[in-house]
Amino acid sequence: MPAYEAFAGLYDVLMDDVDYDAWANYYLELIRRLGVEPRTLCDCACGTGSMSVRFAGRGLRVTGVDLSGDMLELARRKALEHGVQVMFVRQDMCALALPRPVDALVCGCDGVNYLLDDDRLRAFFTRARESLKPGGALAFDISSPSKLRDTLGNNFFGEDREDVAYLWSNRFDEAARTVTMDLTFFTRERDGRYRRFDELHVQKAHAPEHLLALLGECGFRQAQAFGDRRFDAPAPDEARIHIAAIRE
């Protein structure tokens, strides 16, 4: 099954330990430190909209973009529950087309790790540049190469909750620098029986310095890498790396 179809309904349940408020605040502060005070923002690979609604709750006009229609349906409901307006659009972020340029564009929670080659990376960076106002800011994060290789790597994970359980098996390909994740979920139905479904996810271990070079090629300046929700350089064993740049 393609990624984030049946999984969409479980995503928020399994991500309930994520501090989205802190994450959204970090992104806004990072963008401001680059000299941009955003009023409009595009949230790429927005998923179920957890970041989008928080940006909107801080007074920004937000467009949320994702490839999964199932995730976007949940995002629309979430915006209603939070009492905010967000325009959600189903698009591939590598073919991003906004009605008008925005002040800032973010892509959180591994969105760029799913871009598996330089053609896809260049396509996203190019479309991001064209979707930003001159001097606008791009900010995104990646799971670091050390996390994908050493933490996820060739490892197995699992969890058994009251209404859902999952089995998560990974294979790291050193030559391709990719981790393939086989996930099997079991969800309890109303009649007490469990339904099984499977998903396959593949992420690329991008070297931050390579991403910075590609950003420069695609018309960005001041491209910098930061540690996880910090404003200094990432440590060698950093699990999550944030990258930000300014459109020329």
# chains A, B, ... in the order shown; residues from 1 in each chain; ligands from 1
call {"tool": "select_by_dssp", "arguments": {"residues": "range 16-240 of chain A", "states": "strand (DSSP E)", "output": "PyMOL selection string"}}
result
chain A and resi 40-44+61-66+86-90+102-107+132-143+156-160+164-173+178-188+194-204+220-226+240
call {"tool": "residues_around", "arguments": {"residues": "Glu174 in chain A", "least_positions_apart": "6", "cutoff": "12 Å", "atoms": "only C-alpha atoms", "output": "PyMOL selection string"}}
result
chain A and resi 145-146+148-150+153-154+180+204-205
call {"tool": "write_last_selection", "arguments": {"atoms": "N, CA and C atoms", "output": "PDB file, in the first residue's frame"}}
result
ATOM      1  N   PRO A 145      21.735  11.614   8.468  1.00  0.00           N
ATOM      2  CA  PRO A 145      22.317  10.351   8.022  1.00  0.00           C
ATOM      3  C   PRO A 145      22.625   9.401   9.177  1.00  0.00           C
ATOM      4  N   SER A 146      23.111   9.930  10.304  1.00  0.00           N
ATOM      5  CA  SER A 146      23.434   9.050  11.424  1.00  0.00           C
ATOM      6  C   SER A 146      22.178   8.411  12.002  1.00  0.00           C
ATOM      7  N   LEU A 148      19.309   7.732  10.296  1.00  0.00           N
ATOM      8  CA  LEU A 148      18.790   6.739   9.368  1.00  0.00           C
ATOM      9  C   LEU A 148      19.691   5.503   9.314  1.00  0.00           C
ATOM     10  N   ARG A 149      20.998   5.717   9.396  1.00  0.00           N
ATOM     11  CA  ARG A 149      21.929   4.585   9.302  1.00  0.00           C
ATOM     12  C   ARG A 149      22.058   3.835  10.620  1.00  0.00           C
ATOM     13  N   ASP A 150      22.252   4.566  11.725  1.00  0.00           N
ATOM     14  CA  ASP A 150      22.627   3.921  12.984  1.00  0.00           C
ATOM     15  C   ASP A 150      21.458   3.662  13.917  1.00  0.00           C
ATOM     16  N   GLY A 153      18.408   2.237  10.668  1.00  0.00           N
ATOM     17  CA  GLY A 153      19.264   1.232  10.065  1.00  0.00           C
ATOM     18  C   GLY A 153      18.601  -0.091   9.768  1.00  0.00           C
ATOM     19  N   ASN A 154      19.277  -1.162  10.144  1.00  0.00           N
ATOM     20  CA  ASN A 154      18.754  -2.515   9.974  1.00  0.00           C
ATOM     21  C   ASN A 154      18.143  -2.997  11.283  1.00  0.00           C
ATOM     22  N   THR A 180      14.742   1.500   3.828  1.00  0.00           N
ATOM     23  CA  THR A 180      13.424   1.026   3.437  1.00  0.00           C
ATOM     24  C   THR A 180      12.714   0.526   4.684  1.00  0.00           C
ATOM     25  N   LYS A 204      15.867   8.859   2.157  1.00  0.00           N
ATOM     26  CA  LYS A 204      17.265   9.013   1.750  1.00  0.00           C
ATOM     27  C   LYS A 204      18.044   9.743   2.835  1.00  0.00           C
ATOM     28  N   ALA A 205      19.244   9.253   3.109  1.00  0.00           N
ATOM     29  CA  ALA A 205      20.128   9.897   4.083  1.00  0.00           C
ATOM     30  C   ALA A 205      20.919  10.995   3.373  1.00  0.00           C
TER      31      ALA A 205
END
call {"tool": "residues_around", "arguments": {"residues": "Pro38 in chain A", "least_positions_apart": "3", "cutoff": "10 Å", "atoms": "only C-alpha atoms", "output": "ChimeraX atom specification"}}
result
/A:28,31-32,35,41,59-61,102-105,136-137
call {"tool": "residues_around", "arguments": {"residues": "range 69-78 of chain A", "least_positions_apart": "2", "cutoff": "8 Å", "atoms": "only C-alpha atoms", "output": "PyMOL selection string"}}
result
chain A and resi 4-6+8-9+47-50+53+66-67+80-82+86+88-90
call {"tool": "closest_residue", "arguments": {"among": "A:Glu209, A:Glu189, A:Asp232, A:Glu130", "to": "Glu248 in chain A", "atoms": "only C-alpha atoms"}}
result
A:Glu130
call {"tool": "decode", "arguments": {"residues": "range 22-128 of chain A", "atoms": "C-alpha atoms", "output": "tab-separated table (two decimals), in the first residue's frame"}}
result
chain	number	residue	atom	x	y	z
A	22	ALA	CA	7.64	24.05	20.12
A	23	TRP	CA	8.39	22.92	16.57
A	24	ALA	CA	6.26	25.68	15.01
A	25	ASN	CA	7.76	28.30	17.34
A	26	TYR	CA	11.26	27.15	16.39
A	27	TYR	CA	10.55	27.49	12.68
A	28	LEU	CA	9.16	31.00	13.09
A	29	GLU	CA	12.13	32.08	15.19
A	30	LEU	CA	14.56	30.54	12.70
A	31	ILE	CA	12.89	32.42	9.86
A	32	ARG	CA	12.96	35.67	11.82
A	33	ARG	CA	16.66	35.23	12.55
A	34	LEU	CA	17.17	35.20	8.78
A	35	GLY	CA	15.56	38.64	8.68
A	36	VAL	CA	12.09	37.60	7.49
A	37	GLU	CA	8.93	38.50	9.42
A	38	PRO	CA	6.42	36.23	7.67
A	39	ARG	CA	2.79	37.08	7.12
A	40	THR	CA	2.13	34.36	4.54
A	41	LEU	CA	3.50	30.81	4.69
A	42	CYS	CA	3.29	27.54	2.79
A	43	ASP	CA	3.56	24.32	4.80
A	44	CYS	CA	4.80	21.62	2.41
A	45	ALA	CA	4.24	17.92	3.18
A	46	CYS	CA	1.82	19.23	5.81
A	47	GLY	CA	0.31	15.81	6.58
A	48	THR	CA	-2.63	16.09	8.97
A	49	GLY	CA	-2.00	19.81	9.40
A	50	SER	CA	-0.61	19.86	12.94
A	51	MET	CA	1.98	22.50	12.03
A	52	SER	CA	-0.31	24.34	9.61
A	53	VAL	CA	-2.96	25.05	12.23
A	54	ARG	CA	-0.33	26.29	14.66
A	55	PHE	CA	1.13	28.69	12.11
A	56	ALA	CA	-2.40	29.91	11.37
A	57	GLY	CA	-3.09	30.26	15.09
A	58	ARG	CA	-0.13	32.64	15.28
A	59	GLY	CA	-1.75	34.98	12.77
A	60	LEU	CA	-0.21	33.81	9.48
A	61	ARG	CA	-2.11	33.17	6.25
A	62	VAL	CA	-1.24	29.54	5.61
A	63	THR	CA	-1.43	27.19	2.65
A	64	GLY	CA	-0.89	23.51	3.45
A	65	VAL	CA	0.30	21.22	0.67
A	66	ASP	CA	0.47	17.42	0.72
A	67	LEU	CA	0.34	14.55	-1.76
A	68	SER	CA	-2.02	12.44	0.37
A	69	GLY	CA	-5.71	13.21	0.05
A	70	ASP	CA	-6.40	11.14	3.18
A	71	MET	CA	-3.99	13.25	5.23
A	72	LEU	CA	-5.47	16.47	3.87
A	73	GLU	CA	-9.00	15.45	4.80
A	74	LEU	CA	-7.85	15.05	8.39
A	75	ALA	CA	-6.02	18.38	8.15
A	76	ARG	CA	-9.20	20.17	7.08
A	77	ARG	CA	-11.06	18.73	10.07
A	78	LYS	CA	-8.23	19.77	12.36
A	79	ALA	CA	-8.36	23.37	11.12
A	80	LEU	CA	-12.09	23.47	11.88
A	81	GLU	CA	-11.47	22.07	15.36
A	82	HIS	CA	-8.80	24.72	16.01
A	83	GLY	CA	-11.00	27.51	14.64
A	84	VAL	CA	-8.46	28.65	12.04
A	85	GLN	CA	-8.52	29.07	8.27
A	86	VAL	CA	-5.97	27.17	6.21
A	87	MET	CA	-6.12	26.53	2.48
A	88	PHE	CA	-5.18	22.88	1.97
A	89	VAL	CA	-4.13	21.78	-1.52
A	90	ARG	CA	-3.24	18.34	-2.85
A	91	GLN	CA	0.04	18.74	-4.72
A	92	ASP	CA	3.42	17.13	-5.16
A	93	MET	CA	5.81	19.59	-3.52
A	94	CYS	CA	8.24	19.01	-6.40
A	95	ALA	CA	5.60	20.52	-8.69
A	96	LEU	CA	4.49	23.20	-6.24
A	97	ALA	CA	2.27	25.88	-7.80
A	98	LEU	CA	0.85	28.53	-5.47
A	99	PRO	CA	-1.59	31.24	-6.62
A	100	ARG	CA	0.81	33.91	-5.32
A	101	PRO	CA	4.28	33.96	-3.73
A	102	VAL	CA	4.59	33.71	0.06
A	103	ASP	CA	7.01	35.12	2.63
A	104	ALA	CA	8.11	31.73	3.96
A	105	LEU	CA	7.95	28.08	3.06
A	106	VAL	CA	8.56	25.22	5.48
A	107	CYS	CA	8.74	21.45	5.10
A	108	GLY	CA	8.87	19.56	8.38
A	109	CYS	CA	9.08	16.05	9.73
A	110	ASP	CA	11.25	14.33	7.10
A	111	GLY	CA	9.50	15.61	3.98
A	112	VAL	CA	12.83	16.16	2.22
A	113	ASN	CA	14.06	12.67	3.22
A	114	TYR	CA	11.39	11.28	0.89
A	115	LEU	CA	13.06	13.00	-2.10
A	116	LEU	CA	15.35	10.18	-3.15
A	117	ASP	CA	17.56	11.77	-5.81
A	118	ASP	CA	19.04	15.08	-6.90
A	119	ASP	CA	16.45	15.57	-9.62
A	120	ARG	CA	13.67	15.54	-7.04
A	121	LEU	CA	15.65	17.75	-4.67
A	122	ARG	CA	16.36	20.30	-7.40
A	123	ALA	CA	12.72	20.23	-8.46
A	124	PHE	CA	11.54	21.00	-4.93
A	125	PHE	CA	14.15	23.70	-4.32
A	126	THR	CA	13.37	25.31	-7.69
A	127	ARG	CA	9.63	25.29	-7.10
A	128	ALA	CA	10.15	26.55	-3.56
